[in-house]
$ cat upload_21.txt   # compact mmCIF, C-alpha atoms
# COMPACT_ATOMS: atom_id res chain seq x y z
CA MET A 1 70.17 42.99 35.27
CA GLN A 2 72.97 40.67 36.37
CA LYS A 3 73.70 37.47 34.47
CA ARG A 4 73.18 34.08 36.00
CA PRO A 5 76.28 32.23 37.23
CA ILE A 6 76.05 29.57 34.52
CA GLU A 7 75.75 32.13 31.74
CA ALA A 8 78.63 34.13 33.18
CA ALA A 9 80.84 31.02 33.35
CA ALA A 10 79.98 30.15 29.76
CA SER A 11 80.89 33.66 28.63
CA CYS A 12 84.20 33.44 30.44
CA ARG A 13 84.98 30.12 28.80
CA GLN A 14 84.21 31.56 25.38
CA VAL A 15 86.50 34.53 25.98
CA MET A 16 89.29 32.25 27.17
CA ALA A 17 88.83 29.94 24.19
CA LEU A 18 88.98 32.91 21.83
CA GLU A 19 92.18 34.14 23.46
CA GLN A 20 93.73 30.67 23.22
CA MET A 21 92.82 30.38 19.53
CA GLN A 22 94.30 33.79 18.77
CA GLU A 23 97.42 32.90 20.74
CA ILE A 24 97.87 29.64 18.83
CA GLY A 25 97.27 31.39 15.50
CA GLY A 26 99.79 34.11 16.36
CA TYR A 27 102.39 31.48 17.29
CA LEU A 28 101.92 29.68 13.95
CA GLN A 29 102.19 32.95 12.03
CA GLU A 30 105.37 33.90 13.91
CA GLU A 31 107.01 30.53 13.12
CA ARG A 32 106.11 30.88 9.43
CA ARG A 33 107.65 34.33 9.22
CA LYS A 34 110.82 33.08 10.91
CA GLN A 35 111.17 30.54 8.12
CA GLN A 36 110.43 33.32 5.56
CA ILE A 37 107.65 31.29 3.95
CA SER A 38 104.78 33.11 2.29
CA LEU A 39 101.18 32.00 2.54
CA ASP A 40 101.13 31.09 -1.14
CA GLU A 41 104.18 28.83 -0.75
CA LEU A 42 102.71 27.30 2.38
CA ALA A 43 99.41 26.67 0.60
CA LYS A 44 101.29 25.01 -2.26
CA HIS A 45 103.24 22.67 0.07
CA THR A 46 100.35 21.80 2.41
CA CYS A 47 97.60 21.72 -0.27
CA ILE A 48 95.52 23.92 2.04
CA SER A 49 93.79 26.97 0.63
CA ARG A 50 95.10 30.41 1.49
CA ARG A 51 91.77 31.30 3.10
CA MET A 52 92.03 28.37 5.55
CA LEU A 53 95.62 29.26 6.42
CA GLU A 54 94.62 32.84 7.16
CA ALA A 55 91.79 31.54 9.38
CA LEU A 56 94.29 29.42 11.36
CA GLU A 57 96.68 32.34 11.87
CA ASP A 58 93.84 34.68 12.91
CA GLY A 59 92.53 32.14 15.44
CA ARG A 60 89.24 31.70 13.60
CA PHE A 61 89.09 27.94 14.05
CA ARG A 62 85.31 27.91 13.72
CA ASP A 63 85.66 28.96 10.07
CA VAL A 64 87.97 26.01 9.37
CA GLY A 65 85.36 23.36 10.10
CA THR A 66 85.26 20.22 12.20
CA PRO A 67 87.83 19.35 14.87
CA LEU A 68 89.28 16.69 12.58
CA LEU A 69 90.06 19.29 9.90
CA ILE A 70 91.52 21.70 12.46
CA ARG A 71 93.93 19.09 13.84
CA GLY A 72 94.91 17.98 10.33
CA PHE A 73 95.59 21.52 9.11
CA ILE A 74 97.64 22.37 12.22
CA ARG A 75 99.71 19.20 11.80
CA SER A 76 100.46 19.97 8.12
CA TYR A 77 101.21 23.61 8.95
CA CYS A 78 103.66 22.72 11.72
CA LYS A 79 105.48 20.08 9.67
CA THR A 80 105.99 22.57 6.81
CA VAL A 81 107.44 25.30 9.05
CA GLY A 82 109.52 22.77 11.05
CA VAL A 83 107.61 22.81 14.36
CA ASP A 84 106.46 19.81 16.42
CA PRO A 85 102.62 19.75 16.03
CA GLU A 86 101.76 17.55 19.04
CA PRO A 87 102.21 20.19 21.80
CA ILE A 88 100.14 22.68 19.83
CA ILE A 89 97.39 20.13 19.17
CA ASP A 90 97.34 19.12 22.85
CA ARG A 91 97.17 22.77 23.84
CA CYS A 92 94.18 23.53 21.67
CA ALA A 93 92.44 20.19 22.31
CA GLU A 94 89.98 21.74 24.76
CA VAL A 95 89.20 24.58 22.38
CA VAL A 96 88.77 22.25 19.41
CA THR A 97 86.49 19.96 21.39
CA GLY A 98 84.27 22.90 22.28
CA LEU A 99 83.87 23.74 18.64
CA ASN A 100 82.49 20.31 17.78
CA GLU A 101 79.07 21.24 16.43
CA GLN A 102 78.35 17.63 15.54
CA ASN A 103 78.26 16.76 19.24
CA GLU A 104 75.73 19.55 19.75
CA SER A 105 73.49 18.10 17.03
CA ILE A 106 73.75 14.66 18.59
CA ASN A 107 72.87 16.09 21.97
CA ARG A 108 69.82 17.86 20.54
CA TYR A 109 68.65 14.65 18.89
CA ARG A 110 69.22 12.70 22.10
CA ALA A 111 67.19 15.26 24.03
CA TRP A 112 64.36 14.96 21.52
CA MET A 113 64.39 11.18 21.80
CA THR A 114 64.23 11.34 25.58
CA ARG A 115 61.03 13.39 25.54
CA PRO A 116 57.92 11.80 27.01
CA PRO A 117 56.24 9.35 24.58
CA ARG A 118 52.94 11.23 24.81
CA ARG A 119 54.50 14.40 23.46
CA ARG A 120 56.16 12.54 20.58
CA ARG A 121 52.87 10.86 19.80
CA TYR A 122 51.15 14.24 19.78
CA LEU A 123 53.68 15.60 17.30
CA LEU A 124 53.25 12.55 15.09
CA TYR A 125 49.47 12.85 15.11
CA SER A 126 49.71 16.55 14.33
CA PHE A 127 51.93 15.84 11.34
CA ILE A 128 49.54 13.17 10.04
CA ALA A 129 46.55 15.50 10.47
CA CYS A 130 48.30 18.28 8.55
CA LEU A 131 49.16 15.84 5.77
CA VAL A 132 45.54 14.67 5.53
CA LEU A 133 44.28 18.26 5.38
CA VAL A 134 46.72 19.09 2.60
CA LEU A 135 45.60 16.04 0.61
CA CYS A 136 41.93 16.96 1.14
CA PHE A 137 42.44 20.51 -0.08
CA TRP A 138 44.38 19.27 -3.08
CA GLY A 139 41.70 16.72 -3.95
CA ALA A 140 38.96 19.33 -3.61
CA SER A 141 40.82 21.76 -5.86
CA VAL A 142 41.07 19.06 -8.54
CA TRP A 143 37.67 17.40 -8.13
CA LEU A 144 35.40 20.43 -7.76
CA PRO A 145 36.32 22.10 -11.10
CA ALA A 146 35.89 18.80 -12.91
CA ARG A 147 32.53 18.28 -11.18
CA SER A 148 31.28 21.76 -12.09
CA GLY A 149 32.38 21.29 -15.70
CA LYS A 150 30.49 18.01 -15.90
CA ASN A 151 27.36 19.60 -14.40
CA SER A 152 27.51 22.43 -16.93
CA GLN A 153 27.71 19.89 -19.74
CA ILE A 154 24.70 18.05 -18.33
CA ALA A 155 22.79 21.34 -18.03
CA LYS A 156 23.45 22.05 -21.70
CA ALA A 157 21.87 18.82 -22.90
CA PRO A 158 21.79 18.41 -26.69
CA ASP A 159 18.55 18.27 -28.56
CA ALA A 160 19.27 14.79 -29.89
CA LEU A 161 19.27 12.06 -27.25
CA VAL A 162 19.84 8.37 -27.81
CA TYR A 163 17.53 5.92 -26.06
CA PRO A 164 18.01 2.19 -25.65
CA GLN A 165 15.85 -0.18 -27.67
CA LYS A 166 13.76 -1.07 -24.61
CA ASP A 167 12.25 2.45 -24.58
CA LEU A 168 10.28 1.81 -27.78
CA PRO A 169 6.53 2.06 -27.25
CA GLU A 170 4.64 -1.11 -26.50
CA ASP A 171 2.04 -0.39 -29.19
CA LEU A 172 4.65 -0.48 -31.98
CA PRO A 173 3.36 -3.76 -33.51
CA ARG A 174 -0.19 -2.39 -33.57
CA GLN A 175 0.96 0.80 -35.29
CA GLY A 176 2.22 -1.22 -38.24
CA ALA A 177 -1.13 -2.85 -38.69
CA GLN A 178 -2.99 0.46 -38.90
CA LYS A 179 -3.73 2.02 -42.27
CA GLN A 180 -1.92 5.27 -42.91
CA PRO A 181 -4.07 8.16 -44.13
CA GLY A 182 -3.23 9.31 -47.57
CA SER A 183 -1.64 6.00 -48.59
CA ALA A 184 -2.95 4.19 -51.60
CA ALA A 185 -5.41 1.50 -50.59
CA GLY A 186 -5.01 -1.89 -52.16
CA THR A 187 -7.73 -2.93 -54.66
CA ASN A 188 -9.41 -6.27 -54.18
CA GLU A 189 -9.80 -8.01 -57.48
CA PRO A 190 -12.87 -10.26 -57.79
CA ALA A 191 -12.21 -13.92 -58.03
CA ALA A 192 -12.48 -15.43 -61.44
CA PRO A 193 -15.61 -17.59 -61.98
CA ALA A 194 -15.07 -21.30 -62.06
CA ASP A 195 -16.66 -23.87 -64.42
CA SER A 196 -18.52 -26.95 -63.36
CA ASP A 197 -15.29 -28.97 -63.07
CA GLY A 198 -13.77 -26.37 -60.64
CA ALA A 199 -11.21 -25.04 -63.14
CA ALA A 200 -10.81 -21.31 -63.40
CA ILE A 201 -11.90 -19.76 -66.69
CA GLU A 202 -9.09 -17.75 -68.22
CA GLN A 203 -10.16 -14.27 -69.24
CA VAL A 204 -8.22 -12.57 -72.01
CA PRO A 205 -8.82 -8.81 -72.01
CA SER A 206 -9.04 -6.98 -75.30
CA PRO A 207 -6.31 -4.50 -76.26
CA ASP A 208 -8.63 -1.54 -75.76
CA ALA A 209 -9.72 -2.81 -72.41
CA ALA A 210 -6.12 -3.50 -71.39
CA GLY A 211 -5.06 0.01 -72.34
CA ALA A 212 -7.97 1.49 -70.50
CA ASP A 213 -7.25 -0.62 -67.43
CA SER A 214 -3.56 0.28 -67.45
CA SER A 215 -4.29 3.96 -67.82
CA ALA A 216 -6.92 3.72 -65.12
CA ASN A 217 -4.50 1.93 -62.79
CA ARG A 218 -1.73 4.44 -63.41
CA GLY A 219 -3.94 7.44 -63.19
CA PRO A 220 -4.90 7.52 -59.50
CA SER A 221 -1.55 6.37 -58.15
CA SER A 222 0.54 8.74 -60.26
CA SER A 223 -1.78 11.65 -59.61
CA ALA A 224 -1.75 10.89 -55.88
CA ALA A 225 2.05 10.73 -55.82
CA GLN A 226 2.29 13.95 -57.80
CA ALA A 227 -0.17 15.65 -55.47
CA THR A 228 1.74 14.40 -52.42
CA ALA A 229 5.05 15.63 -53.81
CA GLU A 230 3.57 19.01 -54.64
CA GLY A 231 2.03 19.18 -51.17
CA ASN A 232 5.37 18.31 -49.53
CA LEU A 233 7.24 20.98 -51.44
CA LYS A 234 4.56 23.59 -50.86
CA PRO A 235 5.64 25.77 -47.91
CA VAL A 236 3.29 26.64 -45.10
CA ALA A 237 1.89 30.17 -45.16
CA GLN A 238 2.86 30.96 -41.56
CA GLY A 239 5.20 28.36 -40.03
CA HIS A 240 7.27 25.48 -41.31
CA ALA A 241 6.79 22.23 -43.20
CA LEU A 242 8.37 19.00 -41.93
CA VAL A 243 8.46 16.00 -44.26
CA LEU A 244 9.73 12.56 -43.22
CA GLU A 245 10.43 9.93 -45.88
CA ALA A 246 11.25 6.39 -44.80
CA VAL A 247 14.17 4.66 -46.46
CA GLU A 248 13.59 1.65 -44.22
CA GLU A 249 10.70 0.73 -41.98
CA THR A 250 10.81 3.29 -39.20
CA TRP A 251 8.66 4.02 -36.20
CA VAL A 252 8.20 7.76 -35.60
CA ARG A 253 6.42 9.90 -33.04
CA VAL A 254 6.00 13.62 -33.70
CA ALA A 255 4.69 16.37 -31.42
CA THR A 256 4.27 19.79 -33.03
CA ASP A 257 4.25 22.97 -30.95
CA GLY A 258 3.87 21.05 -27.70
CA GLY A 259 0.65 19.37 -28.84
CA GLU A 260 -0.36 15.75 -28.82
CA LYS A 261 2.11 13.14 -30.02
CA GLU A 262 1.30 11.47 -33.34
CA LYS A 263 2.65 7.95 -33.75
CA ARG A 264 3.31 6.36 -37.13
CA LEU A 265 5.07 3.37 -38.62
CA LEU A 266 6.45 4.46 -41.97
CA LYS A 267 7.16 1.72 -44.46
CA ALA A 268 10.05 1.99 -46.89
CA GLY A 269 9.18 4.64 -49.48
CA GLU A 270 6.39 6.22 -47.44
CA GLN A 271 6.48 9.84 -46.37
CA HIS A 272 4.37 12.14 -44.27
CA ARG A 273 4.12 15.89 -43.84
CA TRP A 274 3.52 17.95 -40.70
CA GLU A 275 2.78 21.65 -40.44
CA VAL A 276 4.76 23.31 -37.66
CA LYS A 277 4.31 26.83 -36.33
CA GLU A 278 7.35 27.06 -34.07
CA GLN A 279 9.02 23.73 -33.30
CA ALA A 280 8.54 19.98 -33.52
CA GLN A 281 9.81 17.20 -31.28
CA LEU A 282 10.64 13.86 -32.89
CA TRP A 283 11.17 10.36 -31.58
CA LEU A 284 12.69 8.00 -34.16
CA GLY A 285 13.03 4.25 -33.73
CA ASN A 286 15.44 3.95 -36.67
CA ALA A 287 17.36 7.20 -37.07
CA GLY A 288 19.30 6.01 -40.10
CA GLY A 289 16.20 4.80 -41.91
CA VAL A 290 14.51 8.14 -42.46
CA ARG A 291 15.20 11.23 -44.55
CA ALA A 292 13.79 14.62 -43.55
CA THR A 293 13.23 18.01 -45.13
CA TRP A 294 12.48 21.28 -43.37
CA ASP A 295 10.72 23.87 -45.52
CA GLY A 296 11.81 21.91 -48.59
CA LYS A 297 15.49 21.85 -47.55
CA PRO A 298 17.02 18.43 -46.83
CA LEU A 299 18.35 17.84 -43.33
CA LYS A 300 21.40 15.88 -42.26
CA SER A 301 21.10 12.30 -41.09
CA PHE A 302 19.71 11.98 -37.56
CA GLY A 303 21.84 8.96 -36.66
CA LYS A 304 22.76 5.40 -37.52
CA ARG A 305 20.54 2.52 -38.57
CA GLY A 306 18.64 1.03 -35.67
CA GLN A 307 19.49 3.95 -33.39
CA VAL A 308 16.69 5.36 -31.25
CA VAL A 309 16.89 9.16 -31.21
CA ARG A 310 14.91 12.04 -29.75
CA LEU A 311 15.46 15.52 -31.16
CA ARG A 312 13.89 18.93 -31.56
CA LEU A 313 13.53 20.95 -34.76
CA PRO A 314 14.51 23.48 -35.97
CA ASN A 315 18.11 22.73 -35.06
CA PRO A 316 21.06 24.35 -36.88
CA ASP A 317 23.14 21.21 -36.34
CA TYR A 318 21.03 19.32 -38.88
CA LEU A 319 20.71 22.04 -41.52
CA THR A 320 22.69 21.43 -44.69
CA PRO A 321 24.73 24.32 -46.12
$ encode --input "upload_21.txt" --output "structure tokens"
Amino acid sequence: MQKRPIEAAASCRQVMALEQMQEIGGYLQEERRKQQISLDELAKHTCISRRMLEALEDGRFRDVGTPLLIRGFIRSYCKTVGVDPEPIIDRCAEVVTGLNEQNESINRYRAWMTRPPRRRRYLLYSFIACLVLVLCFWGASVWLPARSGKNSQIAKAPDALVYPQKDLPEDLPRQGAQKQPGSAAGTNEPAAPADSDGAAIEQVPSPDAAGADSSANRGPSSSAAQATAEGNLKPVAQGHALVLEAVEETWVRVATDGGEKEKRLLKAGEQHRWEVKEQAQLWLGNAGGVRATWDGKPLKSFGKRGQVVRLRLPNPDYLTP
């Protein structure tokens, strides 16, 4: 296949330029040898590296660099060997100009700027779209793992949950007014008889009667407390025993083995016992105001004072070592 005329002309120009460069380099080398100057001495006088001097003598001007450097090196070379540099520079001006790669870069940039505006706009939009896609992929790679980790934490919800104060049951005031089973009922003392003037008659009990009354008053309460304590410490035959003792007034709701919820308002010092086969679910209106034991073993605190907590027992997080 024959070359086009333009390509053939360009090839001819390149061959001619190469021949001219080699001819100029050979002339410089011949003049240096006439003066009996070595390349090292020439490099020392001109402050040009030996590699650049060899490139000039071999006609490899493209390895030297820009046209400005080529002209400067040739001028220093000629002055050192005693040759007029201007004719040589004028002779290789056409060759040096053809080696100007900076002009080629400028021409390429000028050609790009003269493209139709629609094509430039298309390239700009394509670049912006690629940038947006990269940002989206990067955001997804960062956000999705964090999202999945948060969902896994939500799936593994702890047994103890804190509820705001507004979630307390509406019948809490009525629970306090109810009598708790097993608690000691208050005794109503009869009013002392009054005389005709309305003054109360002072009754002075005898020592025997006082001793009997005191022993009678101590007997039921102490025996009831002892029985309650023994009952709380007594383990269940098949299952578990849960005992809640109120340090402060605390509202509690207990559901054992998924059964009905039992609501209580424990006063300070009161305690209650539940028999549990498998598990118990507790709602506490004052987590820091109650102490608990599980099968006679004390449990850790369920929370702070005034904190509303829901939890499930047995739970190893609350067992004491």
$ closest_residue --input "upload_21.txt" --among "A:Ile88, A:Ile37, A:Leu299, A:Ala246" --to "Ile24 (chain A)" --atoms "only C-alpha atoms"
A:Ile88
$ atom_distance --input "upload_21.txt" --atom1 "CA of Met21 (chain A)" --atom2 "CA of Lys44 (chain A)"
24.0 Å
$ closest_residue --input "upload_21.txt" --among "A:Arg91, A:Arg253, A:Arg60, A:Lys263" --to "Arg312 (chain A)" --atoms "only C-alpha atoms"
A:Arg253
$ atom_distance --input "upload_21.txt" --atom1 "CA of Gln36 (chain A)" --atom2 "CA of Tyr77 (chain A)"
13.8 Å
$ atom_distance --input "upload_21.txt" --atom1 "CA of Gly65 (chain A)" --atom2 "CA of Val81 (chain A)"
22.2 Å
$ residues_near_point --input "upload_21.txt" --point "(22.0, 16.5, -36.7)" --cutoff "7 Å" --atoms "all atoms listed in the file" --output "CSV table (one decimal) with C-alpha atoms, in the coordinates of the input"
chain,number,residue,atom,x,y,z
A,300,LYS,CA,21.4,15.9,-42.3
A,301,SER,CA,21.1,12.3,-41.1
A,302,PHE,CA,19.7,12.0,-37.6
A,317,ASP,CA,23.1,21.2,-36.3
A,318,TYR,CA,21.0,19.3,-38.9
$ residues_around --input "upload_21.txt" --residues "region 254-262 of chain A" --least-positions-apart "2" --cutoff "8 Å" --atoms "all atoms listed in the file" --output "JSON, numbers by chain"
{"A": [252, 264, 274, 275, 276, 277, 278, 279, 280, 281, 282, 283]}
$ write_last_selection --input "upload_21.txt" --atoms "C-alpha atoms" --output "compact mmCIF listing (two decimals), in the frame of the given file"
# COMPACT_ATOMS: atom_id res chain seq x y z
CA VAL A 252 8.20 7.76 -35.60
CA ARG A 264 3.31 6.36 -37.13
CA TRP A 274 3.52 17.95 -40.70
CA GLU A 275 2.78 21.65 -40.44
CA VAL A 276 4.76 23.31 -37.66
CA LYS A 277 4.31 26.83 -36.33
CA GLU A 278 7.35 27.06 -34.07
CA GLN A 279 9.02 23.73 -33.30
CA ALA A 280 8.54 19.98 -33.52
CA GLN A 281 9.81 17.20 -31.28
CA LEU A 282 10.64 13.86 -32.89
CA TRP A 283 11.17 10.36 -31.58
$ residues_around --input "upload_21.txt" --residues "Lys304 (chain A)" --least-positions-apart "6" --cutoff "8 Å" --atoms "only C-alpha atoms" --output "list of chain:residue names"
A:Asn286, A:Ala287, A:Gly288, A:Gly289
$ closest_residue --input "upload_21.txt" --among "A:Leu28, A:Val309, A:Ile89, A:Leu284" --to "Leu68 (chain A)" --atoms "only C-alpha atoms"
A:Ile89
